[in-house]
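Asks: Compact mmCIF, C-alpha atoms and all ligand atoms, file start_16.txt:
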```txt
# COMPACT_ATOMS: atom_id res chain seq x y z
CA MET A 4 -14.79 11.45 -26.38
CA THR A 5 -11.45 11.97 -24.65
CA SER A 6 -9.75 8.85 -23.44
CA THR A 7 -8.50 9.39 -19.92
CA ARG A 8 -8.43 5.91 -18.42
CA VAL A 9 -5.40 3.70 -17.99
CA LEU A 10 -5.48 0.02 -17.12
CA VAL A 11 -2.40 -1.07 -15.16
CA LEU A 12 -1.50 -4.75 -15.44
CA ASN A 13 1.00 -6.63 -13.29
CA SER A 14 1.24 -10.12 -14.75
CA GLY A 15 2.92 -12.88 -12.78
CA SER A 16 3.40 -16.49 -13.81
CA SER A 17 0.06 -17.57 -12.32
CA SER A 18 -1.56 -14.27 -11.42
CA VAL A 19 -2.66 -10.95 -12.85
CA LYS A 20 -3.14 -7.88 -10.67
CA TYR A 21 -4.90 -4.91 -12.20
CA GLN A 22 -6.13 -1.40 -11.52
CA LEU A 23 -8.16 0.92 -13.71
CA LEU A 24 -7.44 4.61 -13.11
CA ASP A 25 -8.95 7.83 -14.38
CA MET A 26 -6.07 10.19 -15.08
CA ARG A 27 -8.21 13.33 -14.86
CA ASP A 28 -8.01 13.09 -11.07
CA ASN A 29 -5.83 9.97 -10.56
CA SER A 30 -8.83 8.19 -9.06
CA ARG A 31 -9.19 4.42 -9.04
CA LEU A 32 -12.26 3.05 -10.84
CA ALA A 33 -11.62 -0.63 -10.14
CA VAL A 34 -8.98 -2.93 -8.68
CA GLY A 35 -8.65 -6.67 -8.77
CA LEU A 36 -6.65 -9.83 -8.92
CA VAL A 37 -6.75 -13.19 -10.72
CA GLU A 38 -4.90 -15.91 -8.83
CA ARG A 39 -3.88 -19.50 -9.50
CA ILE A 40 -4.19 -19.23 -13.28
CA GLY A 41 -3.82 -22.70 -14.83
CA GLU A 42 -5.18 -24.50 -11.79
CA GLU A 43 -8.64 -25.89 -11.06
CA THR A 44 -9.07 -23.48 -8.18
CA SER A 45 -8.46 -20.13 -9.93
CA ARG A 46 -10.02 -17.10 -8.33
CA LEU A 47 -10.98 -13.66 -9.60
CA LYS A 48 -11.51 -10.89 -7.07
CA HIS A 49 -12.86 -7.64 -8.48
CA THR A 50 -13.67 -4.44 -6.61
CA PRO A 51 -15.41 -1.60 -8.45
CA LEU A 52 -14.56 1.66 -6.71
CA HIS A 53 -17.00 4.02 -8.34
CA GLY A 54 -20.71 3.57 -7.82
CA GLY A 55 -20.16 1.77 -4.54
CA GLY A 56 -20.71 -1.89 -5.54
CA GLY A 57 -18.92 -4.36 -3.29
CA THR A 58 -16.16 -6.86 -4.11
CA ARG A 59 -17.20 -9.68 -6.45
CA GLU A 60 -15.42 -13.00 -6.29
CA SER A 61 -15.65 -15.89 -8.71
CA ASN A 62 -13.98 -19.28 -8.39
CA GLY A 63 -13.35 -21.95 -11.01
CA PRO A 64 -10.69 -22.94 -13.53
CA ILE A 65 -9.08 -20.14 -15.54
CA PRO A 66 -6.70 -22.03 -17.86
CA ASP A 67 -4.39 -19.25 -19.06
CA HIS A 68 -3.64 -15.52 -19.15
CA GLU A 69 -5.92 -14.98 -22.15
CA ALA A 70 -8.87 -16.44 -20.26
CA ALA A 71 -7.85 -14.39 -17.21
CA LEU A 72 -7.81 -11.08 -19.10
CA LYS A 73 -11.10 -11.90 -20.82
CA ALA A 74 -12.62 -12.60 -17.40
CA VAL A 75 -11.23 -9.29 -16.09
CA SER A 76 -12.66 -7.46 -19.09
CA ALA A 77 -16.04 -9.09 -18.52
CA GLU A 78 -16.01 -7.95 -14.88
CA LEU A 79 -15.04 -4.41 -15.88
CA ALA A 80 -17.76 -4.42 -18.57
CA LYS A 81 -20.43 -5.09 -15.93
CA ASP A 82 -19.70 -1.58 -14.65
CA GLY A 83 -19.39 -0.07 -18.13
CA LEU A 84 -15.58 -0.08 -17.91
CA GLY A 85 -14.73 -2.93 -20.34
CA LEU A 86 -11.52 -3.18 -22.35
CA ASP A 87 -13.45 -2.12 -25.47
CA SER A 88 -14.47 1.20 -23.86
CA PRO A 89 -13.43 4.23 -25.95
CA GLU A 90 -12.44 5.98 -22.73
CA LEU A 91 -9.54 3.57 -22.26
CA ALA A 92 -6.43 5.48 -23.39
CA ALA A 93 -3.76 2.85 -22.84
CA ILE A 94 -2.64 -0.20 -20.92
CA GLY A 95 0.44 0.16 -18.72
CA HIS A 96 2.37 -3.03 -17.99
CA ARG A 97 4.76 -3.53 -15.11
CA VAL A 98 7.84 -5.22 -16.56
CA VAL A 99 10.44 -6.36 -14.06
CA HIS A 100 13.63 -6.33 -16.12
CA GLY A 101 14.53 -3.77 -18.75
CA GLY A 102 18.28 -4.41 -18.59
CA ARG A 103 20.41 -1.49 -19.73
CA THR A 104 18.25 -0.94 -22.79
CA PHE A 105 15.12 0.52 -21.27
CA THR A 106 15.89 3.67 -19.34
CA GLU A 107 12.31 4.96 -19.44
CA PRO A 108 8.73 3.85 -20.07
CA THR A 109 8.39 2.62 -23.63
CA VAL A 110 5.49 2.17 -26.04
CA ILE A 111 5.41 -1.51 -26.91
CA ASP A 112 6.00 -2.74 -30.44
CA GLU A 113 7.49 -5.93 -31.87
CA ALA A 114 11.07 -4.69 -31.36
CA VAL A 115 10.36 -3.88 -27.69
CA LEU A 116 8.83 -7.33 -27.18
CA ALA A 117 11.90 -8.94 -28.75
CA GLU A 118 14.21 -7.01 -26.40
CA ILE A 119 12.19 -7.94 -23.29
CA GLU A 120 12.43 -11.53 -24.50
CA ARG A 121 16.21 -11.20 -25.00
CA LEU A 122 16.45 -10.19 -21.33
CA ILE A 123 14.82 -13.42 -20.07
CA PRO A 124 18.17 -14.97 -19.02
CA VAL A 125 18.63 -12.19 -16.42
CA ALA A 126 14.97 -12.36 -15.26
CA PRO A 127 13.90 -15.97 -15.86
CA LEU A 128 11.02 -15.86 -13.38
CA HIS A 129 9.51 -12.49 -14.20
CA ASN A 130 9.98 -11.41 -17.80
CA PRO A 131 8.25 -14.45 -19.39
CA ALA A 132 5.13 -13.81 -17.27
CA ASN A 133 5.21 -10.09 -18.07
CA LEU A 134 5.52 -10.92 -21.78
CA THR A 135 2.55 -13.27 -21.64
CA GLY A 136 0.47 -10.49 -20.09
CA ILE A 137 1.52 -8.00 -22.75
CA ARG A 138 0.92 -10.38 -25.67
CA THR A 139 -2.50 -11.30 -24.35
CA ALA A 140 -3.53 -7.67 -23.84
CA ARG A 141 -2.27 -6.74 -27.31
CA ALA A 142 -4.26 -9.57 -28.87
CA LEU A 143 -7.41 -8.32 -27.13
CA ARG A 144 -6.89 -4.65 -28.07
CA PRO A 145 -4.38 -4.47 -30.95
CA ASP A 146 -5.32 -0.85 -31.69
CA LEU A 147 -4.64 0.43 -28.17
CA PRO A 148 -1.25 1.88 -27.12
CA GLN A 149 0.43 -0.35 -24.57
CA VAL A 150 3.35 0.85 -22.49
CA ALA A 151 6.02 -1.10 -20.60
CA VAL A 152 7.15 0.47 -17.32
CA PHE A 153 10.33 -1.19 -16.07
CA ASP A 154 11.27 -1.91 -12.45
CA THR A 155 14.91 -1.38 -13.37
CA ALA A 156 14.57 1.89 -15.36
CA PHE A 157 15.01 4.34 -12.47
CA HIS A 158 18.33 2.70 -11.58
CA THR A 159 19.90 2.97 -15.05
CA THR A 160 21.40 6.32 -13.99
CA MET A 161 23.72 4.55 -11.52
CA PRO A 162 27.38 5.25 -12.30
CA GLU A 163 29.54 2.32 -13.38
CA SER A 164 31.29 2.45 -9.99
CA ALA A 165 28.00 1.45 -8.32
CA ALA A 166 26.58 -0.75 -11.09
CA ARG A 167 29.58 -3.02 -11.68
CA TYR A 168 30.62 -5.96 -9.53
CA ALA A 169 34.34 -6.30 -9.02
CA ILE A 170 34.66 -9.43 -11.13
CA ASP A 171 36.42 -10.13 -14.42
CA VAL A 172 35.02 -7.56 -16.83
CA GLN A 173 34.85 -9.87 -19.85
CA THR A 174 32.94 -12.53 -17.96
CA ALA A 175 30.60 -9.93 -16.51
CA ASP A 176 29.89 -8.47 -19.94
CA GLU A 177 29.46 -11.84 -21.62
CA TYR A 178 26.73 -12.82 -19.16
CA ARG A 179 25.38 -9.29 -18.62
CA ILE A 180 26.24 -9.51 -14.92
CA ARG A 181 25.87 -6.13 -13.25
CA ARG A 182 23.75 -4.45 -10.61
CA TYR A 183 20.40 -3.51 -12.16
CA GLY A 184 18.30 -2.82 -9.06
CA PHE A 185 14.53 -3.28 -8.72
CA HIS A 186 11.49 -1.55 -7.15
CA GLY A 187 12.50 1.39 -9.37
CA THR A 188 8.95 2.60 -9.91
CA SER A 189 8.52 2.87 -6.16
CA HIS A 190 11.89 4.56 -5.58
CA ALA A 191 11.08 7.09 -8.33
CA PHE A 192 7.61 7.82 -6.94
CA VAL A 193 8.72 8.06 -3.31
CA SER A 194 11.81 10.20 -3.93
CA ARG A 195 9.68 12.68 -5.90
CA ALA A 196 6.89 12.65 -3.31
CA THR A 197 9.47 13.25 -0.57
CA ALA A 198 10.77 16.34 -2.38
CA GLU A 199 7.18 17.53 -2.70
CA LEU A 200 6.61 16.96 1.03
CA LEU A 201 9.64 19.16 1.71
CA GLY A 202 8.25 21.79 -0.67
CA ARG A 203 11.31 21.50 -2.93
CA ALA A 204 12.05 20.38 -6.48
CA PRO A 205 13.36 16.81 -6.89
CA GLU A 206 16.50 18.28 -8.53
CA ASP A 207 17.26 20.15 -5.30
CA VAL A 208 17.21 17.27 -2.83
CA ASN A 209 19.16 14.15 -1.94
CA VAL A 210 17.04 11.34 -0.52
CA ILE A 211 17.68 7.89 0.91
CA VAL A 212 14.59 5.80 0.08
CA LEU A 213 13.95 2.69 2.19
CA HIS A 214 11.37 0.48 0.45
CA LEU A 215 10.60 -2.06 3.17
CA GLY A 216 7.94 -4.53 2.07
CA ASN A 217 8.12 -8.29 1.88
CA GLY A 218 10.86 -7.56 -0.65
CA ALA A 219 13.05 -4.68 0.51
CA SER A 220 15.53 -2.31 -1.07
CA ALA A 221 17.27 0.97 -0.35
CA SER A 222 18.33 3.61 -2.83
CA ALA A 223 20.47 6.73 -2.82
CA VAL A 224 18.80 9.41 -4.94
CA GLU A 225 20.87 12.47 -5.78
CA LYS A 226 18.98 15.42 -7.24
CA GLY A 227 16.24 13.15 -8.56
CA ARG A 228 18.60 10.55 -10.05
CA CYS A 229 19.40 7.16 -8.58
CA VAL A 230 23.13 6.79 -7.83
CA ASP A 231 23.03 3.50 -5.90
CA THR A 232 20.56 0.84 -4.87
CA SER A 233 20.78 -2.28 -2.75
CA MET A 234 19.32 -4.92 -5.09
CA GLY A 235 21.67 -6.17 -7.77
CA LEU A 236 21.64 -8.60 -10.69
CA THR A 237 18.52 -10.02 -9.04
CA PRO A 238 16.35 -8.90 -6.10
CA LEU A 239 18.35 -11.17 -3.76
CA GLU A 240 21.08 -8.66 -2.88
CA GLY A 241 20.96 -6.06 -0.13
CA LEU A 242 18.65 -5.75 2.86
CA VAL A 243 17.27 -8.59 4.95
CA MET A 244 13.81 -9.30 3.48
CA GLY A 245 10.75 -11.35 4.35
CA THR A 246 12.12 -14.54 2.78
CA ARG A 247 15.40 -13.44 1.09
CA SER A 248 18.80 -13.35 2.76
CA GLY A 249 20.04 -10.13 1.17
CA ASP A 250 23.85 -9.64 1.25
CA LEU A 251 26.00 -12.63 1.99
CA ASP A 252 29.48 -13.90 1.26
CA PRO A 253 29.16 -15.61 -2.16
CA ALA A 254 31.36 -18.39 -0.79
CA VAL A 255 28.37 -19.51 1.32
CA ILE A 256 26.99 -20.87 -1.96
CA PHE A 257 30.15 -22.88 -2.76
CA HIS A 258 30.14 -24.18 0.80
CA LEU A 259 26.51 -25.31 0.59
CA ALA A 260 27.23 -27.04 -2.73
CA ARG A 261 30.55 -28.68 -1.77
CA VAL A 262 30.02 -29.47 1.88
CA GLY A 263 26.21 -29.56 2.08
CA GLY A 264 25.72 -31.29 -1.28
CA LEU A 265 22.88 -28.94 -2.21
CA SER A 266 21.98 -28.40 -5.86
CA THR A 267 21.91 -24.95 -7.45
CA ASP A 268 18.11 -24.97 -7.40
CA GLU A 269 18.04 -25.96 -3.73
CA ILE A 270 20.39 -23.13 -2.83
CA ASP A 271 18.30 -20.72 -4.93
CA THR A 272 15.17 -21.75 -3.02
CA LEU A 273 16.96 -21.57 0.33
CA LEU A 274 18.23 -18.03 -0.24
CA ASN A 275 15.13 -16.62 -1.96
CA LYS A 276 12.31 -18.40 -0.14
CA ARG A 277 13.57 -19.78 3.18
CA SER A 278 15.93 -17.08 4.39
CA GLY A 279 15.57 -13.52 5.65
CA LEU A 280 13.07 -13.06 8.47
CA ILE A 281 11.27 -16.35 7.82
CA GLY A 282 14.55 -18.28 7.91
CA LEU A 283 15.68 -16.53 11.06
CA CYS A 284 12.52 -16.87 13.13
CA GLY A 285 9.81 -18.69 11.16
CA ASP A 286 7.73 -15.56 10.47
CA ASN A 287 8.05 -13.00 7.67
CA ASP A 288 5.24 -10.69 8.74
CA MET A 289 6.65 -7.81 10.78
CA ARG A 290 3.40 -7.54 12.78
CA GLU A 291 3.83 -11.10 14.03
CA ILE A 292 7.55 -10.60 14.68
CA ARG A 293 6.84 -7.48 16.78
CA ARG A 294 4.12 -9.34 18.70
CA ARG A 295 6.61 -12.09 19.52
CA VAL A 296 9.31 -9.55 20.45
CA ASP A 297 6.88 -7.88 22.84
CA GLU A 298 6.30 -11.29 24.45
CA GLY A 299 10.04 -11.73 24.95
CA ASP A 300 10.62 -14.28 22.14
CA GLU A 301 14.40 -14.43 21.63
CA ARG A 302 14.41 -15.78 18.06
CA ALA A 303 12.05 -13.03 16.94
CA GLN A 304 14.23 -10.47 18.74
CA LEU A 305 17.38 -11.73 16.99
CA ALA A 306 15.63 -11.68 13.58
CA PHE A 307 14.51 -8.10 14.25
CA ASP A 308 18.00 -7.08 15.36
CA ILE A 309 19.65 -8.57 12.23
CA TYR A 310 17.06 -6.83 10.03
CA ILE A 311 17.72 -3.48 11.71
CA HIS A 312 21.51 -3.88 11.73
CA ARG A 313 21.56 -4.36 7.93
CA LEU A 314 19.17 -1.47 7.41
CA ARG A 315 21.37 0.88 9.46
CA LYS A 316 24.43 -0.21 7.49
CA TYR A 317 22.72 0.85 4.27
CA ILE A 318 21.58 4.18 5.74
CA GLY A 319 25.20 4.86 6.70
CA ALA A 320 26.53 3.67 3.34
CA TYR A 321 24.15 5.83 1.34
CA TYR A 322 24.79 8.81 3.59
CA ALA A 323 28.45 8.51 2.56
CA VAL A 324 27.57 7.93 -1.11
CA LEU A 325 25.45 11.10 -1.18
CA GLY A 326 27.65 13.26 1.06
CA ARG A 327 24.71 15.47 1.93
CA VAL A 328 21.29 14.02 2.77
CA ASP A 329 18.08 16.06 2.90
CA ALA A 330 15.67 13.25 3.75
CA VAL A 331 15.34 9.59 4.64
CA ALA A 332 11.99 8.22 3.44
CA PHE A 333 10.36 5.01 4.70
CA THR A 334 7.88 3.27 2.42
CA ALA A 335 6.02 -0.03 1.60
CA GLY A 336 4.26 -2.40 4.05
CA VAL A 337 6.87 -2.36 6.82
CA GLY A 338 8.21 1.15 6.21
CA GLU A 339 4.73 2.71 6.20
CA ASN A 340 3.32 0.78 9.16
CA ALA A 341 6.00 -0.46 11.52
CA ALA A 342 6.91 2.43 13.86
CA PRO A 343 9.37 0.26 15.87
CA VAL A 344 11.38 -0.46 12.70
CA ARG A 345 11.63 3.26 11.88
CA GLU A 346 12.57 4.09 15.45
CA ALA A 347 15.28 1.41 15.66
CA ALA A 348 16.69 2.23 12.21
CA ILE A 349 17.29 5.89 13.11
CA ALA A 350 18.09 5.56 16.85
CA GLY A 351 21.38 7.09 17.92
CA LEU A 352 22.13 8.81 14.60
CA GLN A 353 21.86 12.39 15.93
CA GLU A 354 25.46 13.03 14.85
CA LEU A 355 24.23 12.53 11.26
CA GLY A 356 21.37 14.98 11.86
CA LEU A 357 18.89 12.10 11.99
CA ALA A 358 16.22 11.73 14.66
CA VAL A 359 12.65 10.47 15.02
CA ASP A 360 10.01 12.17 17.15
CA ALA A 361 8.25 9.41 19.12
CA GLY A 362 4.85 11.14 19.00
CA LEU A 363 4.96 11.77 15.25
CA ASN A 364 6.28 8.27 14.60
CA ALA A 365 3.30 6.73 16.41
CA VAL A 366 0.72 8.51 14.23
CA ARG A 367 -1.02 6.22 11.71
CA SER A 368 -1.93 7.83 8.41
CA ASP A 369 -2.09 7.14 4.66
CA GLU A 370 -0.60 10.55 3.90
CA PRO A 371 3.07 11.45 3.36
CA ARG A 372 4.33 12.90 6.64
CA LEU A 373 7.42 13.95 8.55
CA ILE A 374 8.38 12.03 11.68
CA SER A 375 11.57 13.97 12.49
CA PRO A 376 11.43 16.67 15.19
CA ALA A 377 10.78 20.24 14.05
CA GLY A 378 14.00 21.92 12.89
CA ALA A 379 15.86 18.64 12.29
CA ARG A 380 18.83 18.96 9.91
CA VAL A 381 17.71 15.90 7.91
CA ALA A 382 14.01 15.16 7.40
CA VAL A 383 12.80 11.65 8.24
CA ALA A 384 9.57 10.90 6.41
CA VAL A 385 6.94 8.21 5.89
CA VAL A 386 5.85 8.35 2.26
CA PRO A 387 3.29 5.74 1.11
CA THR A 388 4.29 4.28 -2.22
CA ASP A 389 1.86 3.86 -5.12
CA GLU A 390 3.45 1.86 -7.91
CA GLU A 391 0.20 1.50 -9.86
CA LEU A 392 -0.39 5.26 -9.90
CA GLU A 393 3.21 5.80 -11.01
CA ILE A 394 2.84 3.24 -13.83
CA ALA A 395 -0.45 4.85 -14.90
CA THR A 396 1.04 8.36 -14.75
CA GLN A 397 4.09 7.38 -16.80
CA THR A 398 1.92 5.48 -19.29
CA TYR A 399 -0.54 8.33 -19.72
CA ALA A 400 2.21 10.94 -20.07
CA LEU A 401 3.70 8.94 -22.93
CA VAL A 402 0.41 8.33 -24.69
CA ALA A 403 -0.96 11.85 -24.23
CA ARG A 404 2.28 13.24 -25.70
CA LYS A 405 1.88 11.23 -28.91
P1 LIG B 1 4.45 -5.07 0.89
O1 LIG B 1 5.36 -6.08 0.24
O2 LIG B 1 4.88 -3.67 0.67
O3 LIG B 1 3.00 -5.32 0.61
O4 LIG B 1 4.62 -5.30 2.48
C1 LIG B 1 4.13 -6.47 3.10
C2 LIG B 1 4.70 -6.57 4.50
O5 LIG B 1 4.41 -5.39 5.25
C3 LIG B 1 4.10 -7.68 5.34
O6 LIG B 1 4.78 -8.92 5.11
C4 LIG B 1 4.31 -7.21 6.77
O7 LIG B 1 5.57 -7.65 7.21
C5 LIG B 1 4.39 -5.71 6.63
N1 LIG B 1 3.26 -5.02 7.27
C6 LIG B 1 2.06 -4.74 6.75
N2 LIG B 1 1.28 -4.11 7.63
C7 LIG B 1 2.02 -3.95 8.77
C8 LIG B 1 1.80 -3.37 10.06
N3 LIG B 1 0.65 -2.81 10.38
N4 LIG B 1 2.82 -3.40 10.94
C9 LIG B 1 3.99 -3.97 10.62
N5 LIG B 1 4.26 -4.54 9.44
C10 LIG B 1 3.29 -4.53 8.52
```
Let's see the structure in the file written out as structure tokens.
Ligand code: AMP
Replies:
Amino acid sequence: MTSTRVLVLNSGSSSVKYQLLDMRDNSRLAVGLVERIGEETSRLKHTPLHGGGGTRESNGPIPDHEAALKAVSAELAKDGLGLDSPELAAIGHRVVHGGRTFTEPTVIDEAVLAEIERLIPVAPLHNPANLTGIRTARALRPDLPQVAVFDTAFHTTMPESAARYAIDVQTADEYRIRRYGFHGTSHAFVSRATAELLGRAPEDVNVIVLHLGNGASASAVEKGRCVDTSMGLTPLEGLVMGTRSGDLDPAVIFHLARVGGLSTDEIDTLLNKRSGLIGLCGDNDMREIRRRVDEGDERAQLAFDIYIHRLRKYIGAYYAVLGRVDAVAFTAGVGENAAPVREAAIAGLQELGLAVDAGLNAVRSDEPRLISPAGARVAVAVVPTDEELEIATQTYALVARK
């Protein structure tokens, strides 16, 4: 029997998201989520997508990741898709931080695990959870190839001029401080899909990708390779996000500590969880912000304006970085759904060859599509991202090659 299925796992500190895909046609066989692992009120939500059964939900304590994965496997097994199935070719793990070491998807062995562990100081929230997920999955299926797909990998092609901060080089190197970038799997997928939409090879086009979800980042992709991205050492840098500030004068932090008396942890929480859109207007969901704007709410309007101003600065910056731009692609929750954001981000940029057709921009669709007027010098596109499919594709390509 040929093994054509890939299980994609995204392990957080108290959650596991998963999708099972069949790589013969990239179809999804099942998707699901375990939440609140380690609490009394854990929840498993499982949706089989072949055979038509509905979503199944179970509640009750799931003490750790091992119990979570066993519960997932039991759910999959009910539909004949369990982890022990011979049709399972590999497990692909999303790993947030691959540092400078991991420039591409990598089959996991002890040395790879040790390196992901060594990178914990630069990703203290994410890498430990990713490692727990990998170790648990390996214990359950030690014979099965498991692949790590890194959020940072696509950005490792950035030149030093974009990747380095202008701080003392020795200090930077000692603490591995540099701009790594994140959302790489999405930027890779979307930049390639944009080239495809234009009917051209990725090596022939320059694309500005705007990944606007609750987290948000922009990237400049030259001939298929990332040359700059807006997130840095951590996902805090760059665009205004749902709850993160994005760019700010680093002296704000000294000021908060010296004058405000805030601790490092308090400042971390302020900038990562209570800033961005939610800090500016109390809401981080763009639908709600637009509803309030339409009602004339001034705080929501100001939050929207700050969000758009930053976004336009990055479009301009990356236009200059690339020199020639073939396409600007909007993706993720806001980018794919919020027509007013796309309109405001591109408004008045005709001199750069950028324009949005109001009719095309208003169309709702799950398909990649152009929203620039026919004959525009630079294409403006909406390209839905699919990080799980990208992880599965990269995982399968690596395993099938072996
Ligand atoms: P993501 O992180 O990619 O899942 O994006 C989540 C965000 O997308 C939400 O916080 C909303 O702000 C935004 N979003 C989702 N659907 C819509 C919509 N129909 N209109 C505007 N924003 C949306």
Asks: To box ligand LIG 1 (chain B), take all atoms listed in the file, fit an axis-aligned box, add 6 Å on each side, and give centre and edge lengths in Å to one decimal, as JSON.
Replies:
```
{"center_x": 3.1, "center_y": -5.9, "center_z": 5.6, "size_x": 16.9, "size_y": 18.1, "size_z": 22.7}
```
Asks: Would you list the residues that come within 8 Å of ligand LIG 1 (chain B)? Count only C-alpha atoms and all ligand atoms and give the answer as an MDAnalysis selection string.
Replies: chainID A and resid 214:219 245 287:291 293 334:342
Asks: What lies within 8 Å of Ser61 of chain A using only C-alpha atoms, ignoring chain neighbours under 3 positions off, as a PyMOL selection string?
Replies: chain A and resi 46-48
Asks: Identify, on the basis of only C-alpha atoms, every residue whose closest approach to Arg372 of chain A does not exceed 10 Å; exclude the query and any residue fewer than 6 positions from it along the same chain; express the result as a ChimeraX atom specification.
Replies: /A:197,200-201,332,363-364,366,382-387
Asks: How far is it from atom CA of Ala204 of chain A to atom CA of Glu225 of chain A, in Å with one decimal?
Replies: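 About the pair atom CA of Ala204 of chain A and atom CA of Glu225 of chain A: they are 11.9 Å apart.
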Asks: Pick the closest to Glu60 of chain A from A:Leu36, A:Ala93, A:Ala77, A:Val210: which is it, counting all atoms listed in the file?
Replies: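 Counting all atoms listed in the file, the residue closest to Glu60 of chain A is A:Leu36.
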Asks: What's the 10 Å shell around Leu242 of chain A, counting only C-alpha atoms, without same-chain residues fewer than 2 positions away, as a ChimeraX atom specification?
Replies: /A:213-215,218-221,233-234,238-240,244-245,247-250,279,309-317
Asks: Give me, please, the distance in Å between atom CA of Gln397 of chain A and atom CA of Thr188 of chain A, quoted to one decimal.
Replies: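 A separation of 9.7 Å between them.
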Asks: Interatomic distance between atom CA of Thr272 of chain A and atom CA of Ile318 of chain A?
Replies: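 Computing it gives 28.1 Å between the two atoms.
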Asks: Could you tell me which of A:Leu265, A:Ala358, A:Ala196, A:Ala156 comes closest to Glu107 of chain A if we count only C-alpha atoms?
Replies: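 Nearest to Glu107 of chain A: A:Ala156.
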Asks: Taking 6 positions as the minimum chain separation for residues in the same chain, which residues sit within 12 Å of Gly378 of chain A when counting only C-alpha atoms? Answer as a ChimeraX atom specification.
Replies: /A:356-360
Asks: I want to know what sits within 6 Å of segment 128-141 of chain A, based on only C-alpha atoms, with residues of the same chain fewer than 6 positions away left out; could you give that as a ChimeraX atom specification?
Replies: /A:14-16,69,98
Asks: Pick from A:Val37, A:Asp389, A:Thr5, A:Phe157: nearest to Ser17 of chain A, with all atoms listed in the file counted?
Replies: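 Among the listed residues, the smallest separation from Ser17 of chain A belongs to A:Val37.
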Asks: Once you count all atoms listed in the file, what closest atom pair and distance in Å to one decimal does each residue of segment 23-128 of chain A within 10 Å of segment 174-186 of chain A have, with rows by chain and rising residue number, as JSON lines?
Replies:
```
{"residue": "A:Val99", "atom": "CA", "partner": "A:Phe185", "partner_atom": "CA", "distance": 7.4}
{"residue": "A:His100", "atom": "CA", "partner": "A:Phe185", "partner_atom": "CA", "distance": 8.1}
{"residue": "A:Gly101", "atom": "CA", "partner": "A:Tyr183", "partner_atom": "CA", "distance": 8.8}
{"residue": "A:Gly102", "atom": "CA", "partner": "A:Tyr183", "partner_atom": "CA", "distance": 6.8}
{"residue": "A:Arg103", "atom": "CA", "partner": "A:Tyr183", "partner_atom": "CA", "distance": 7.8}
{"residue": "A:Leu122", "atom": "CA", "partner": "A:Arg179", "partner_atom": "CA", "distance": 9.4}
{"residue": "A:Pro124", "atom": "CA", "partner": "A:Tyr178", "partner_atom": "CA", "distance": 8.8}
{"residue": "A:Val125", "atom": "CA", "partner": "A:Arg179", "partner_atom": "CA", "distance": 7.7}
```
Asks: Smallest atom-to-atom distance to Ile281 of chain A: which of A:Arg302, A:Pro51, A:Ser368, A:Gly263, using all atoms listed in the file?
Replies: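 Counting all atoms listed in the file, the residue closest to Ile281 of chain A is A:Arg302.
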